[in-house]
Amino acid sequence: MHISEGILSGPVLFSGAALAAAGTAVGLKQLDYDRIARTGILSAAFFVASLIHVPLGPTSVHLILNGIVGLLLGWCAFPAILIALLLQALFFQFGGLTTLGINTIVMALPAVICYYLFSPFIKNNNVTTIIAAYACGFLCVFFSAVIMGGALIFTEENFMEISMLVIISNLPVMIIEGFITTFCILFLKKVQPSLITK
Amino acid sequence: MIEEPFAAGNSIIHQIDPRFRVAAATFYSFAVALCYEFQPLIVALTVSLVSVLLSGVGLKTVLKRLAIVNVFILLFWIVLPLTYKGNNVYSLGPVNVYLAGIILAAKITLKSNAILMVLISFIATMTFATLGHSLSRLRIPEKLVFLLMITYRYIFVIQQEYQKIIRSIKIRGFKPKTTLHTYKTFAYVIGMLLIRASERADRVYNAMRCRGFNGKYYSLTDFQADAKSWVFVTVVSGATLGILLMEVIFNG
């Protein structure tokens, strides 16, 4: 999920960049050299997984997965997502240099929020895990859409309708992300619990 | 699926010091993003177009990339004329079309394309490895650059893992549909991908330790700022300042 170049106003772009820099600084501070290879390879896995298109009726949507990123990486989601966006800009020209900051905020801030909200419940019994994981996947995309809508409204009051459209059109993605996050977390808990509990 | 179609080449732009290209592209993109008047935006689009032509990249590929981005912008062409309240109203049957909306959509299109073309011609013309090295010379934190390089290094490996898993589920007769079963399958594919990535990460880290990894990624690339690079950066800065000046004049 990202905002294209040339839409947002200067103040929104610059504050997005400043916030993203702060978040990335916190993430990097927590990332010691023992974990750096691990974080890099995991973010490569997320990058590849986010290219998966899942069917939705006659069309398909691509996954965002920032819920799982948040649960697995915590604050390190900031540098990981920043790098993924830079790679996307370079490989596919989706998003670019000026929107790098705000797009990082759009995707990484919800990941960190959901990490704090839901990771304590993931280790509990299965029913709590299912509810928490679904909420994590769903809300993470929802928060992203809301931040994106907010960035548009701060740019121009007349972007109200476009912002609403962004949030509503992402509703199916939220539902699917909820399911994917739930199944994925249950799978990881069964197969390699150390990935989550760390 | 993942490739760098513009990185190979030997044009004037390809020969410029990558550090200068990164700095110039950043300065130029932000300046263009701040413009709102037609005159500077049209000049910016022209400058970007010239830079794409100079970089000698395949125009067909460039157009394809731009087309995808412009599909997103199409949304603004549909919504803004109907919702952007202004004085000039034209009635098309039952719907009101606002001139201000059309103007804004046009400006967004110009701006977006101008910024993207410079991204393609200045930055997409270097490999990601070169970008990483030049970022570390531009004082981007060492750790971030390291993370960038290692992510880039393993994307292609992980992609092969992914294709292996996809092949094996296809052989078992998996066909994606809008069902819970499909979503569950994809979730397991992602889960498996993460597990394999994590196991690989442990092996990679151990191997790095064995070879004396001490938290640094050494770059052997020696960047040379020759006369050409200085001319390049002067021309781009001049153009950028000119565009900003036009914005100030026409906006005032």
# chains A, B, ... in the order shown; residues from 1 in each chain; ligands from 1
$ interface_residues --of "chain A" --to "chain B" --cutoff "8 Å" --atoms "only C-alpha atoms" --output "VMD selection string"
chain A and resid 4 to 10 28 33 to 34 36 to 49 54 to 57 79 to 80 83 87 90 to 94 96 to 98 158 to 159 161 to 162 176 179 to 181 183 to 185 187 to 188 192 195
$ select_by_dssp --residues "range 51-104 of chain A" --states "strand (DSSP E)" --output "PyMOL selection string"
chain A and resi 53-56+59-62
$ closest_residue --among "A:Leu13, A:Asn126, A:Leu71, A:Leu171" --to "Lys190 in chain A" --atoms "only C-alpha atoms"
A:Asn126
$ atom_distance --atom1 "CA of Ile13 in chain B" --atom2 "CA of Ser51 in chain B"
7.9 Å
$ residues_around --residues "Phe38 in chain B" --least-positions-apart "4" --cutoff "9 Å" --atoms "only C-alpha atoms" --output "PyMOL selection string"
chain B and resi 42-43+106-107+110+247+250
$ residues_around --residues "Leu109 in chain A" --least-positions-apart "3" --cutoff "12 Å" --atoms "only C-alpha atoms" --output "count of residues only"
41
$ residues_around --residues "Leu54 in chain B" --least-positions-apart "5" --cutoff "12 Å" --atoms "only C-alpha atoms" --output "mmCIF file with C-alpha atoms, in the first residue's frame"
data_model
loop_
_atom_site.group_PDB
_atom_site.id
_atom_site.type_symbol
_atom_site.label_atom_id
_atom_site.label_comp_id
_atom_site.auth_asym_id
_atom_site.auth_seq_id
_atom_site.Cartn_x
_atom_site.Cartn_y
_atom_site.Cartn_z
ATOM 1 C CA GLY B 9 24.334 0.518 -19.966
ATOM 2 C CA ASN B 10 27.105 2.931 -20.708
ATOM 3 C CA SER B 11 25.373 6.226 -21.364
ATOM 4 C CA ILE B 12 26.446 9.644 -20.107
ATOM 5 C CA ILE B 13 24.250 9.201 -17.034
ATOM 6 C CA HIS B 14 25.630 5.723 -16.298
ATOM 7 C CA GLN B 15 29.152 7.173 -16.215
ATOM 8 C CA ILE B 16 28.367 9.801 -13.574
ATOM 9 C CA VAL B 47 14.056 18.176 -17.871
ATOM 10 C CA SER B 48 13.100 14.673 -16.696
ATOM 11 C CA LEU B 49 12.310 13.583 -20.233
ATOM 12 C CA LEU B 59 11.886 3.690 -23.759
ATOM 13 C CA MET B 117 11.378 9.669 -14.761
ATOM 14 C CA VAL B 118 14.272 11.138 -12.784
ATOM 15 C CA ILE B 120 14.462 5.869 -13.469
ATOM 16 C CA SER B 121 17.199 7.805 -15.255
ATOM 17 C CA PHE B 122 19.402 8.752 -12.268
ATOM 18 C CA THR B 125 20.497 3.091 -13.816
ATOM 19 C CA PHE B 232 26.296 16.960 -14.108
#
$ select_by_dssp --residues "range 5-221 of chain B" --states "helix (DSSP H, G or I)" --output "PyMOL selection string"
chain B and resi 12-15+18-33+38-55+59-83+99-123+128-137+142-171+180-210
$ write_last_selection --atoms "C-alpha atoms" --output "short mmCIF file (atom, residue, chain, number, x, y, z; two decimals), in the first residue's frame"
data_model
loop_
_atom_site.label_atom_id
_atom_site.label_comp_id
_atom_site.auth_asym_id
_atom_site.auth_seq_id
_atom_site.Cartn_x
_atom_site.Cartn_y
_atom_site.Cartn_z
CA ILE B 12 26.45 9.64 -20.11
CA ILE B 13 24.25 9.20 -17.03
CA HIS B 14 25.63 5.72 -16.30
CA GLN B 15 29.15 7.17 -16.22
CA PRO B 18 26.64 7.25 -8.31
CA ARG B 19 26.90 9.40 -5.16
CA PHE B 20 26.28 12.51 -7.24
CA ARG B 21 23.34 10.86 -8.97
CA VAL B 22 21.69 9.91 -5.67
CA ALA B 23 22.16 13.39 -4.23
CA ALA B 24 20.99 15.12 -7.40
CA ALA B 25 17.90 12.91 -7.75
CA THR B 26 16.90 13.53 -4.13
CA PHE B 27 17.32 17.32 -4.38
CA TYR B 28 15.50 17.49 -7.71
CA SER B 29 12.60 15.22 -6.67
CA PHE B 30 11.85 17.16 -3.49
CA ALA B 31 12.01 20.47 -5.36
CA VAL B 32 9.55 19.25 -7.99
CA ALA B 33 7.28 17.82 -5.27
CA PHE B 38 1.90 24.61 -14.45
CA GLN B 39 4.94 26.48 -15.80
CA PRO B 40 7.58 24.96 -13.46
CA LEU B 41 5.92 21.54 -13.69
CA ILE B 42 6.07 21.54 -17.47
CA VAL B 43 9.73 22.58 -17.36
CA ALA B 44 10.38 19.79 -14.81
CA LEU B 45 8.70 17.22 -17.04
CA THR B 46 10.87 18.36 -19.94
CA VAL B 47 14.06 18.18 -17.87
CA SER B 48 13.10 14.67 -16.70
CA LEU B 49 12.31 13.58 -20.23
CA VAL B 50 15.71 14.81 -21.44
CA SER B 51 17.41 12.92 -18.60
CA VAL B 52 15.60 9.71 -19.57
CA LEU B 53 16.68 10.18 -23.19
CA LEU B 54 20.28 10.86 -22.11
CA SER B 55 20.37 7.74 -19.96
CA LEU B 59 11.89 3.69 -23.76
CA LYS B 60 9.42 0.84 -24.08
CA THR B 61 10.23 -0.40 -20.58
CA VAL B 62 10.07 3.15 -19.21
CA LEU B 63 6.64 3.68 -20.74
CA LYS B 64 5.43 0.38 -19.32
CA ARG B 65 6.60 1.36 -15.83
CA LEU B 66 5.04 4.81 -16.12
CA ALA B 67 1.78 3.33 -17.39
CA ILE B 68 1.38 1.22 -14.22
CA VAL B 69 1.92 4.27 -12.01
CA ASN B 70 -0.47 6.37 -14.07
CA VAL B 71 -3.22 3.82 -13.55
CA PHE B 72 -3.14 4.83 -9.85
CA ILE B 73 -3.33 8.49 -10.85
CA LEU B 74 -6.34 7.74 -13.05
CA LEU B 75 -8.28 7.47 -9.79
CA PHE B 76 -7.66 11.17 -9.20
CA TRP B 77 -8.89 12.00 -12.71
CA ILE B 78 -12.13 10.19 -11.92
CA VAL B 79 -12.77 11.38 -8.36
CA LEU B 80 -11.37 14.94 -8.23
CA PRO B 81 -13.40 16.53 -11.06
CA LEU B 82 -16.58 15.31 -9.36
CA THR B 83 -15.72 16.25 -5.79
CA LEU B 99 -12.70 22.71 -13.32
CA ALA B 100 -10.47 22.99 -10.22
CA GLY B 101 -10.51 19.19 -9.90
CA ILE B 102 -9.42 18.68 -13.48
CA ILE B 103 -6.60 21.20 -13.05
CA LEU B 104 -5.34 19.53 -9.88
CA ALA B 105 -5.46 16.07 -11.46
CA ALA B 106 -3.43 17.39 -14.40
CA LYS B 107 -0.84 18.92 -12.05
CA ILE B 108 -0.54 15.67 -10.08
CA THR B 109 0.02 13.75 -13.31
CA LEU B 110 2.78 16.11 -14.49
CA LYS B 111 4.51 16.10 -11.10
CA SER B 112 4.32 12.36 -10.60
CA ASN B 113 5.72 11.53 -14.02
CA ALA B 114 8.49 14.11 -13.74
CA ILE B 115 9.66 12.69 -10.40
CA LEU B 116 9.47 9.09 -11.56
CA MET B 117 11.38 9.67 -14.76
CA VAL B 118 14.27 11.14 -12.78
CA LEU B 119 14.19 8.15 -10.45
CA ILE B 120 14.46 5.87 -13.47
CA SER B 121 17.20 7.81 -15.26
CA PHE B 122 19.40 8.75 -12.27
CA ILE B 123 18.98 5.93 -9.75
CA PHE B 128 21.38 -2.02 -6.02
CA ALA B 129 24.85 -2.96 -4.82
CA THR B 130 26.25 0.29 -6.19
CA LEU B 131 23.40 2.20 -4.57
CA GLY B 132 24.23 0.61 -1.22
CA HIS B 133 27.90 1.54 -1.49
CA SER B 134 27.15 5.08 -2.52
CA LEU B 135 24.64 5.47 0.33
CA SER B 136 27.27 4.43 2.84
CA ARG B 137 29.60 7.10 1.37
CA GLU B 142 26.28 1.76 8.47
CA LYS B 143 23.69 -0.63 9.95
CA LEU B 144 20.95 0.47 7.59
CA VAL B 145 23.20 0.04 4.57
CA PHE B 146 24.23 -3.38 5.83
CA LEU B 147 20.59 -4.40 6.25
CA LEU B 148 19.88 -3.08 2.76
CA MET B 149 22.67 -5.12 1.21
CA ILE B 150 21.78 -8.32 3.01
CA THR B 151 18.10 -7.97 2.11
CA TYR B 152 19.01 -7.41 -1.52
CA ARG B 153 21.46 -10.31 -1.44
CA TYR B 154 18.85 -12.77 -0.20
CA ILE B 155 15.76 -11.66 -2.11
CA PHE B 156 16.77 -13.77 -5.08
CA VAL B 157 17.56 -16.81 -2.92
CA ILE B 158 14.26 -16.54 -1.07
CA GLN B 159 12.46 -16.09 -4.35
CA GLN B 160 13.83 -19.44 -5.51
CA GLU B 161 12.64 -21.03 -2.27
CA TYR B 162 9.24 -19.51 -2.92
CA GLN B 163 9.09 -20.90 -6.43
CA LYS B 164 10.05 -24.33 -5.09
CA ILE B 165 7.13 -24.26 -2.64
CA ILE B 166 4.73 -22.99 -5.31
CA ARG B 167 5.81 -25.77 -7.69
CA SER B 168 5.21 -28.39 -5.05
CA ILE B 169 1.70 -27.16 -4.22
CA LYS B 170 0.86 -26.96 -7.91
CA ILE B 171 1.95 -30.56 -8.38
CA LEU B 180 -10.67 -20.02 2.90
CA HIS B 181 -8.65 -23.04 1.78
CA THR B 182 -6.68 -20.85 -0.65
CA TYR B 183 -5.93 -18.27 2.01
CA LYS B 184 -4.88 -21.00 4.41
CA THR B 185 -2.57 -22.48 1.80
CA PHE B 186 -0.96 -19.12 1.08
CA ALA B 187 -0.58 -18.48 4.80
CA TYR B 188 1.26 -21.80 5.15
CA VAL B 189 3.41 -20.95 2.13
CA ILE B 190 4.38 -17.68 3.80
CA GLY B 191 4.95 -19.45 7.11
CA MET B 192 7.20 -22.02 5.44
CA LEU B 193 9.06 -19.25 3.64
CA LEU B 194 9.69 -17.48 6.96
CA ILE B 195 10.90 -20.67 8.62
CA ARG B 196 13.29 -21.46 5.79
CA ALA B 197 14.49 -17.85 5.82
CA SER B 198 15.10 -17.98 9.54
CA GLU B 199 17.01 -21.25 9.35
CA ARG B 200 19.07 -19.89 6.50
CA ALA B 201 19.73 -16.76 8.56
CA ASP B 202 21.24 -18.84 11.37
CA ARG B 203 23.51 -20.68 8.94
CA VAL B 204 24.53 -17.44 7.22
CA TYR B 205 25.28 -15.75 10.51
CA ASN B 206 27.42 -18.66 11.69
CA ALA B 207 29.31 -18.63 8.42
CA MET B 208 29.86 -14.91 8.73
CA ARG B 209 31.18 -15.33 12.28
CA CYS B 210 33.56 -18.06 11.11
#
$ atom_distance --atom1 "CA of Asp17 in chain B" --atom2 "CA of Leu86 in chain A"
19.8 Å
$ atom_distance --atom1 "CA of His2 in chain A" --atom2 "CA of Ala17 in chain A"
14.1 Å
